[in-house]
Every structure is written in structure tokens, then in C-alpha cells.
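Data from final-v2.txt: compact mmCIF, C-alpha atoms
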```txt
# COMPACT_ATOMS: atom_id res chain seq x y z
CA MET M 1 -50.34 -79.73 -7.21
CA ASP M 2 -50.95 -81.92 -4.17
CA VAL M 3 -54.39 -82.26 -2.56
CA GLN M 4 -53.65 -80.15 0.53
CA THR M 5 -52.24 -77.25 -1.50
CA PHE M 6 -55.19 -77.44 -3.89
CA LEU M 7 -57.74 -77.36 -1.07
CA ALA M 8 -56.00 -74.40 0.54
CA SER M 9 -56.04 -72.44 -2.74
CA GLY M 10 -59.84 -71.89 -2.68
CA LEU M 11 -60.13 -72.99 -6.33
CA LEU M 12 -62.72 -75.65 -5.50
CA GLU M 13 -65.02 -73.09 -3.84
CA ALA M 14 -64.57 -70.72 -6.78
CA TYR M 15 -65.37 -73.56 -9.18
CA VAL M 16 -68.61 -74.37 -7.35
CA LEU M 17 -69.60 -70.69 -7.55
CA ASN M 18 -68.60 -70.49 -11.23
CA GLN M 19 -65.94 -67.89 -10.45
CA CYS M 20 -62.97 -69.67 -12.11
CA SER M 21 -61.13 -68.66 -15.25
CA ALA M 22 -60.96 -71.18 -18.09
CA GLU M 23 -57.46 -72.21 -17.04
CA GLU M 24 -58.53 -72.62 -13.42
CA ARG M 25 -61.51 -74.75 -14.46
CA VAL M 26 -59.16 -77.10 -16.31
CA THR M 27 -56.99 -77.34 -13.19
CA VAL M 28 -59.99 -78.12 -10.97
CA GLU M 29 -61.47 -80.70 -13.33
CA THR M 30 -58.08 -82.41 -13.70
CA MET M 31 -57.73 -82.59 -9.91
CA LEU M 32 -61.27 -83.98 -9.59
CA GLN M 33 -60.40 -86.75 -12.07
CA GLN M 34 -57.11 -87.59 -10.37
CA HIS M 35 -58.44 -87.44 -6.80
CA PRO M 36 -62.00 -88.80 -6.44
CA GLN M 37 -62.10 -87.75 -2.77
CA LEU M 38 -62.21 -84.12 -3.94
CA ARG M 39 -65.70 -84.69 -5.34
CA GLU M 40 -66.90 -85.44 -1.81
CA GLU M 41 -65.39 -82.15 -0.69
CA MET M 42 -67.08 -80.36 -3.59
CA ASN M 43 -70.44 -81.89 -2.61
CA ARG M 44 -69.93 -80.66 0.95
CA ILE M 45 -69.20 -77.15 -0.32
CA GLU M 46 -72.34 -77.14 -2.49
CA LEU M 47 -74.46 -78.34 0.42
CA ALA M 48 -72.93 -75.78 2.77
CA LEU M 49 -73.62 -72.96 0.32
CA GLU M 50 -77.19 -74.10 -0.16
CA GLN M 51 -77.81 -74.31 3.59
CA PHE M 52 -76.15 -70.96 4.14
CA ALA M 53 -78.28 -69.37 1.43
CA GLN M 54 -81.49 -70.74 2.89
CA ALA M 55 -80.57 -69.69 6.42
CA ASN M 56 -79.45 -66.20 5.47
CA ALA M 57 -81.91 -65.24 2.73
CA VAL M 58 -83.09 -61.66 3.36
CA PRO M 59 -85.60 -59.41 1.61
CA PRO M 60 -84.22 -56.60 -0.55
CA PRO M 61 -83.96 -53.04 0.87
CA THR M 62 -87.14 -51.00 1.28
CA GLY M 63 -87.98 -49.08 -1.87
CA LEU M 64 -85.93 -51.29 -4.17
CA ARG M 65 -88.95 -53.40 -5.05
CA ASP M 66 -91.04 -50.41 -6.18
CA LYS M 67 -88.16 -49.05 -8.24
CA ILE M 68 -87.55 -52.36 -10.04
CA LEU M 69 -91.28 -52.87 -10.66
CA GLU M 70 -91.48 -49.39 -12.06
CA ASP M 71 -88.62 -50.12 -14.47
CA ILE M 72 -90.18 -53.44 -15.50
CA ALA M 73 -93.59 -51.84 -16.03
CA GLN M 74 -92.08 -49.49 -18.56
CA HIS M 75 -91.14 -52.45 -20.76
CA SER M 76 -93.62 -55.22 -20.08
CA VAL M 77 -96.27 -56.53 -17.71
CA PRO M 78 -95.02 -59.40 -15.53
CA LYS M 79 -96.88 -62.67 -15.71
CA SER M 80 -98.67 -64.10 -12.68
CA GLY M 81 -96.19 -65.37 -10.08
CA THR M 82 -93.16 -63.83 -11.80
CA GLU M 83 -92.91 -60.98 -9.31
CA ASN M 84 -92.76 -63.23 -6.25
CA ARG M 85 -90.19 -65.50 -7.84
CA MET M 86 -88.08 -62.46 -8.73
CA TRP M 87 -87.95 -61.28 -5.09
CA ARG M 88 -87.18 -64.73 -3.81
CA ASN M 89 -84.31 -64.96 -6.29
CA LEU M 90 -83.02 -61.54 -5.23
CA GLY M 91 -82.93 -62.64 -1.58
CA LEU M 92 -81.28 -65.94 -2.51
CA GLY M 93 -78.73 -64.13 -4.66
CA ALA M 94 -77.79 -61.83 -1.80
CA ALA M 95 -77.30 -64.83 0.48
CA ILE M 96 -75.17 -66.65 -2.10
CA LEU M 97 -73.02 -63.55 -2.57
CA THR M 98 -72.47 -63.40 1.20
CA ALA M 99 -71.68 -67.12 1.19
CA LEU M 100 -69.16 -66.59 -1.57
CA VAL M 101 -67.23 -63.98 0.39
CA LEU M 102 -67.43 -65.68 3.79
CA GLY M 103 -67.13 -69.23 2.50
CA ILE M 104 -63.98 -68.72 0.45
CA PHE M 105 -62.22 -66.82 3.23
CA TRP M 106 -63.29 -69.37 5.84
CA GLN M 107 -62.24 -72.38 3.79
CA ALA M 108 -58.93 -70.78 2.80
CA SER M 109 -58.10 -69.73 6.36
CA GLU M 110 -59.06 -73.13 7.80
CA ARG M 111 -56.98 -75.05 5.27
CA GLY M 112 -54.18 -72.53 5.50
CA ALA M 113 -54.09 -73.11 9.25
CA ARG M 114 -54.06 -76.86 8.65
CA LEU M 115 -51.11 -76.54 6.25
CA LEU M 116 -49.27 -74.35 8.75
CA GLN M 117 -49.87 -76.97 11.42
CA ILE M 118 -48.48 -79.72 9.17
CA GLU M 119 -45.45 -77.59 8.32
CA ASN M 120 -44.91 -76.79 12.00
CA GLN M 121 -45.01 -80.48 12.88
CA ARG M 122 -42.48 -81.21 10.13
CA LEU M 123 -40.13 -78.50 11.41
CA GLN M 124 -40.47 -79.76 14.99
CA GLN M 125 -39.60 -83.28 13.83
CA GLU M 126 -36.56 -81.97 11.95
CA MET M 127 -35.48 -80.08 15.08
CA GLN M 128 -35.85 -83.22 17.21
CA ASP M 129 -33.84 -85.22 14.65
CA CYS M 130 -31.14 -82.54 14.67
CA GLN M 131 -30.99 -82.57 18.48
CA THR M 132 -30.75 -86.37 18.45
CA ARG M 133 -27.86 -86.27 15.96
CA GLN M 134 -26.15 -83.59 18.04
CA LYS M 135 -26.42 -85.74 21.18
CA GLN M 136 -25.02 -88.71 19.27
CA LEU M 137 -22.06 -86.65 18.07
CA MET M 138 -21.43 -85.32 21.57
CA ALA M 139 -21.58 -88.88 22.93
CA MET M 140 -18.98 -89.94 20.37
CA GLU M 141 -16.64 -87.00 21.06
CA GLU M 142 -15.17 -88.36 24.31
CA PRO M 143 -14.45 -91.89 22.95
CA LEU M 144 -12.85 -90.38 19.85
CA ASN M 145 -10.63 -88.10 21.94
CA LEU M 146 -9.73 -91.14 24.04
CA LEU M 147 -8.76 -93.12 20.95
CA ARG M 148 -6.56 -90.26 19.68
CA ASP M 149 -4.74 -90.00 22.99
CA PRO M 150 -1.36 -91.83 22.80
CA GLY M 151 -1.70 -92.64 26.51
CA THR M 152 -4.74 -94.86 25.87
CA LYS M 153 -4.14 -98.59 26.20
CA VAL M 154 -6.30 -100.92 24.13
CA ILE M 155 -7.01 -104.08 26.11
CA ASN M 156 -8.76 -106.74 24.04
CA ILE M 157 -11.19 -109.23 25.57
CA ALA M 158 -12.88 -112.14 23.81
CA GLY M 159 -15.41 -114.93 24.23
CA LYS M 160 -16.60 -117.83 22.08
CA ASP M 161 -17.50 -115.86 18.99
CA LYS M 162 -17.04 -112.21 20.02
CA GLN M 163 -14.10 -109.91 20.57
CA THR M 164 -14.18 -106.33 21.79
CA ALA M 165 -11.88 -103.78 23.44
CA VAL M 166 -11.52 -101.77 26.63
CA TYR M 167 -9.84 -98.35 26.35
CA TYR M 168 -7.88 -97.66 29.52
CA ASN M 169 -6.15 -94.31 30.16
CA ASN M 170 -4.33 -93.50 33.40
CA SER M 171 -3.87 -89.77 32.78
CA ARG M 172 -7.52 -89.28 31.88
CA GLN M 173 -8.60 -91.76 34.57
CA SER M 174 -10.92 -93.28 32.03
CA VAL M 175 -12.22 -96.81 31.39
CA THR M 176 -14.42 -97.19 28.30
CA LEU M 177 -15.94 -100.40 26.94
CA ASP M 178 -16.78 -100.85 23.26
CA LEU M 179 -20.36 -102.18 23.31
CA SER M 180 -20.78 -102.50 19.54
CA ARG M 181 -19.06 -105.90 19.47
CA MET M 182 -20.37 -107.26 22.76
CA PRO M 183 -22.29 -110.57 22.92
CA LYS M 184 -25.93 -110.56 23.96
CA ALA M 185 -26.86 -112.06 27.30
CA GLU M 186 -29.13 -115.10 27.29
CA SER M 187 -32.79 -114.54 28.10
CA GLY M 188 -33.18 -113.72 31.80
CA LYS M 189 -29.42 -113.15 32.24
CA TYR M 190 -27.34 -109.95 32.58
CA LEU M 191 -23.77 -108.97 31.74
CA GLN M 192 -21.39 -107.65 34.41
CA PHE M 193 -18.02 -105.93 33.80
CA TRP M 194 -14.93 -106.79 35.85
CA ALA M 195 -11.41 -105.40 36.25
CA ILE M 196 -8.40 -107.57 36.98
CA VAL M 197 -6.26 -105.41 39.27
CA GLU M 198 -2.55 -106.01 39.80
CA GLY M 199 -1.87 -107.41 43.26
CA GLU M 200 -5.49 -108.39 43.95
CA ALA M 201 -6.57 -112.02 43.94
CA ALA M 202 -10.24 -111.48 43.05
CA PRO M 203 -11.59 -109.41 40.13
CA LYS M 204 -13.19 -106.07 40.98
CA SER M 205 -16.79 -105.40 39.86
CA MET M 206 -17.07 -102.35 37.61
CA GLY M 207 -20.86 -102.52 37.27
CA MET M 208 -23.45 -103.88 34.87
CA VAL M 209 -23.05 -103.68 31.09
CA ALA M 210 -25.61 -101.50 29.29
CA THR M 211 -28.00 -103.17 26.85
CA ASP M 212 -27.82 -100.40 24.24
CA GLY M 213 -25.44 -97.79 22.87
CA ASP M 214 -21.97 -98.06 21.30
CA TRP M 215 -19.78 -97.08 24.25
CA GLN M 216 -20.00 -97.31 28.01
CA LYS M 217 -17.80 -95.40 30.45
CA PHE M 218 -17.02 -96.95 33.84
CA ALA M 219 -15.49 -95.56 37.02
CA TYR M 220 -11.72 -95.50 36.88
CA VAL M 221 -9.76 -98.18 38.71
CA GLU M 222 -5.98 -97.98 39.23
CA ASN M 223 -3.46 -100.65 38.18
CA ALA M 224 -5.89 -102.60 36.00
CA ILE M 225 -4.05 -105.17 33.90
CA GLY M 226 -7.08 -106.76 32.28
CA PHE M 227 -10.84 -106.88 32.10
CA ALA M 228 -13.57 -109.51 31.82
CA VAL M 229 -17.32 -109.88 31.35
CA SER M 230 -19.54 -112.38 33.15
CA GLU M 231 -23.14 -113.50 32.74
CA GLU M 232 -25.23 -113.11 35.89
CA PRO M 233 -28.70 -114.27 36.97
CA THR M 234 -29.83 -110.91 38.45
CA PRO M 235 -29.83 -107.34 37.08
CA ASP M 236 -27.81 -106.17 40.12
CA GLY M 237 -24.97 -108.58 39.38
CA SER M 238 -22.94 -110.71 41.77
CA ALA M 239 -20.06 -110.28 44.23
CA VAL M 240 -17.97 -112.75 42.23
CA PRO M 241 -18.30 -113.74 38.55
CA THR M 242 -20.84 -116.51 37.92
CA THR M 243 -20.09 -117.42 34.31
CA VAL M 244 -17.22 -115.65 32.53
CA VAL M 245 -18.13 -115.06 28.87
CA MET M 246 -15.28 -112.71 27.88
CA ALA M 247 -11.72 -112.61 29.25
CA PRO M 248 -8.39 -110.91 28.33
CA ILE M 249 -6.53 -112.26 25.32
```

Rewrite the structure from the file as C-alpha cells, please.
Amino acid sequence: MDVQTFLASGLLEAYVLNQCSAEERVTVETMLQQHPQLREEMNRIELALEQFAQANAVPPPTGLRDKILEDIAQHSVPKSGTENRMWRNLGLGAAILTALVLGIFWQASERGARLLQIENQRLQQEMQDCQTRQKQLMAMEEPLNLLRDPGTKVINIAGKDKQTAVYYNNSRQSVTLDLSRMPKAESGKYLQFWAIVEGEAAPKSMGMVATDGDWQKFAYVENAIGFAVSEEPTPDGSAVPTTVVMAPI
């Protein structure tokens, strides 16, 4: 049994009030040995019960005292001071009984609420993880459909030590860059994507390359015969490539 489940069970309160069965006492004492922090909780329970008893001690009902004294007188004569101690103990006993009922329910409900809160947080985390996985699968669906399409052209581009691919499809009007094998830009530099269009002398800027993710979709450009990647000094890129780091192969 873990600590949270044990605390929520109310066994520790019952143990303090000597309300446990023999089997339950063994369970409590085993938990106290295995988890020293539970002794601090037990001390807090004992102190709370004592304070509650002192604050809520009440005299017994009117007439009960005379009846009990009458019964005692039939058997023996109380010694000096015994009578007062007896009434104090009766008031303390009534307070402890009230503490037993209220204390166990309060502790159990408080810890039960705490366990529910922990379980709720766990479920919320699982839901968030599930939503994240669903978004990842949805993000992968379009590239996978593109790869399955026989009309998709795979145009490879490479640099010094990296090679990746651009998936170009006229019928889908789609241009998708595989980011998983892209090089990293140097510190303070940014990568820009370019299309080499048939009949045009200068490459056409397709936009900046994302710094995370596995795939990036760009606006479609007609008659592209190749693609390239350059390294630029600003996050907005340049009108013409500054340093080409990947080119068609």
C-alpha cells in the first residue's frame, strides 16, 4: 500500500484511537516502520485530538450525575477527589468520541479529495499527451499521402555533409521539404529555401526554413526544376542567396 492510499484509508486515525483490528494494527505498524514520515502525521493526529478534546469538553447531561452517584453509592463510597475526576473524564470522553467521528470523516474526505485531485491531474496529462500524438499523426498524414502519390517527384538536394529531399507535386500543387535531414544554421544565421524555376535566371525565394519539426510545406511554384537552401544573416532572409549550403544533385 502506498503512502497516499494509506493516509486516505483512515487507518492511522483509527490506530491512534485504538479502534483497529489486530490485522489493521499490523498494517499500520508496518507502514510506520517503512515510512518514518507517517509518525509525524500520527503525532499531528494525536495533538489535534487532544486540542479538540480540550476545546470541546462539555459537562454531562443534567440528572446524569445524580443517577451515577446513586448507583455508585449502592456499592461503595467514593474517595476524596474521585467524583470530580470522574466528571472530568466523562466530559473528556464525550469530546474524544466527537473527535473520533468528525476527525476520521474529515481526514478521509480531505485525503480522498487530494487523491481525486492527483488522479484528475494524471488523466488531464494523459489527455494532453493523446491530443499531442493526434496532432503529430495529423501532421504526418499529408506528407505520407504525398509520398504515396505516383505524381510526386523527389528532388534531392545536398550540402557538405547533409542530404535531404523536396517532394514536388504538380497535381496537388504541393512543395514539401524534409526537415529531418537538414543542416543546422550557424549561430546568428538563418536558412532560406529557394526554387530554381525553368526559364528564370534568378532563384525564387520560397521563404525561411523552420527550426523545428520534420516537414515543412511551402507555397506552390510552377515549373520548378530544382531547389536550394542558403544561409542568411537576418531572420527575414535576402532577395538573393548569400551563401548556398544545399543545392540540387

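Note that CA of Met208 in chain M and CA of Gly237 in chain M are 6.7 Å apart.
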
Query raised in the report: Which polymer residues, protein or nucleic acid, are no farther than 9 Å from (-11.1, -107.5, 27.3), counting all atoms listed in the file, as a count of residues only?
Result: 18

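The coordinates place CA of Tyr168 in chain M at 23.9 Å from CA of Ala185 in chain M.
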
**Report entry** Near-range 197-201 of chain M list (10 Å; only C-alpha atoms; drop same-chain fewer than 3 positions) as a ChimeraX atom specification
**Finding:** /M:194,204,221-227

Report task. Counting only C-alpha atoms, select every polymer residue within 10 Å of (-61.0, -82.1, -3.7) as defined in the file's coordinates, and provide the selection as JSON, numbers by chain. Result -> {"M": [3, 4, 6, 7, 11, 12, 13, 28, 29, 31, 32, 33, 34, 35, 36, 37, 38, 39, 40, 41, 42, 43]}

Report task. State, in Å with one decimal place, the distance from CA of Ala239 in chain M to CA of Tyr167 in chain M. Result ->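 Separation of CA of Ala239 in chain M and CA of Tyr167 in chain M: 23.8 Å.
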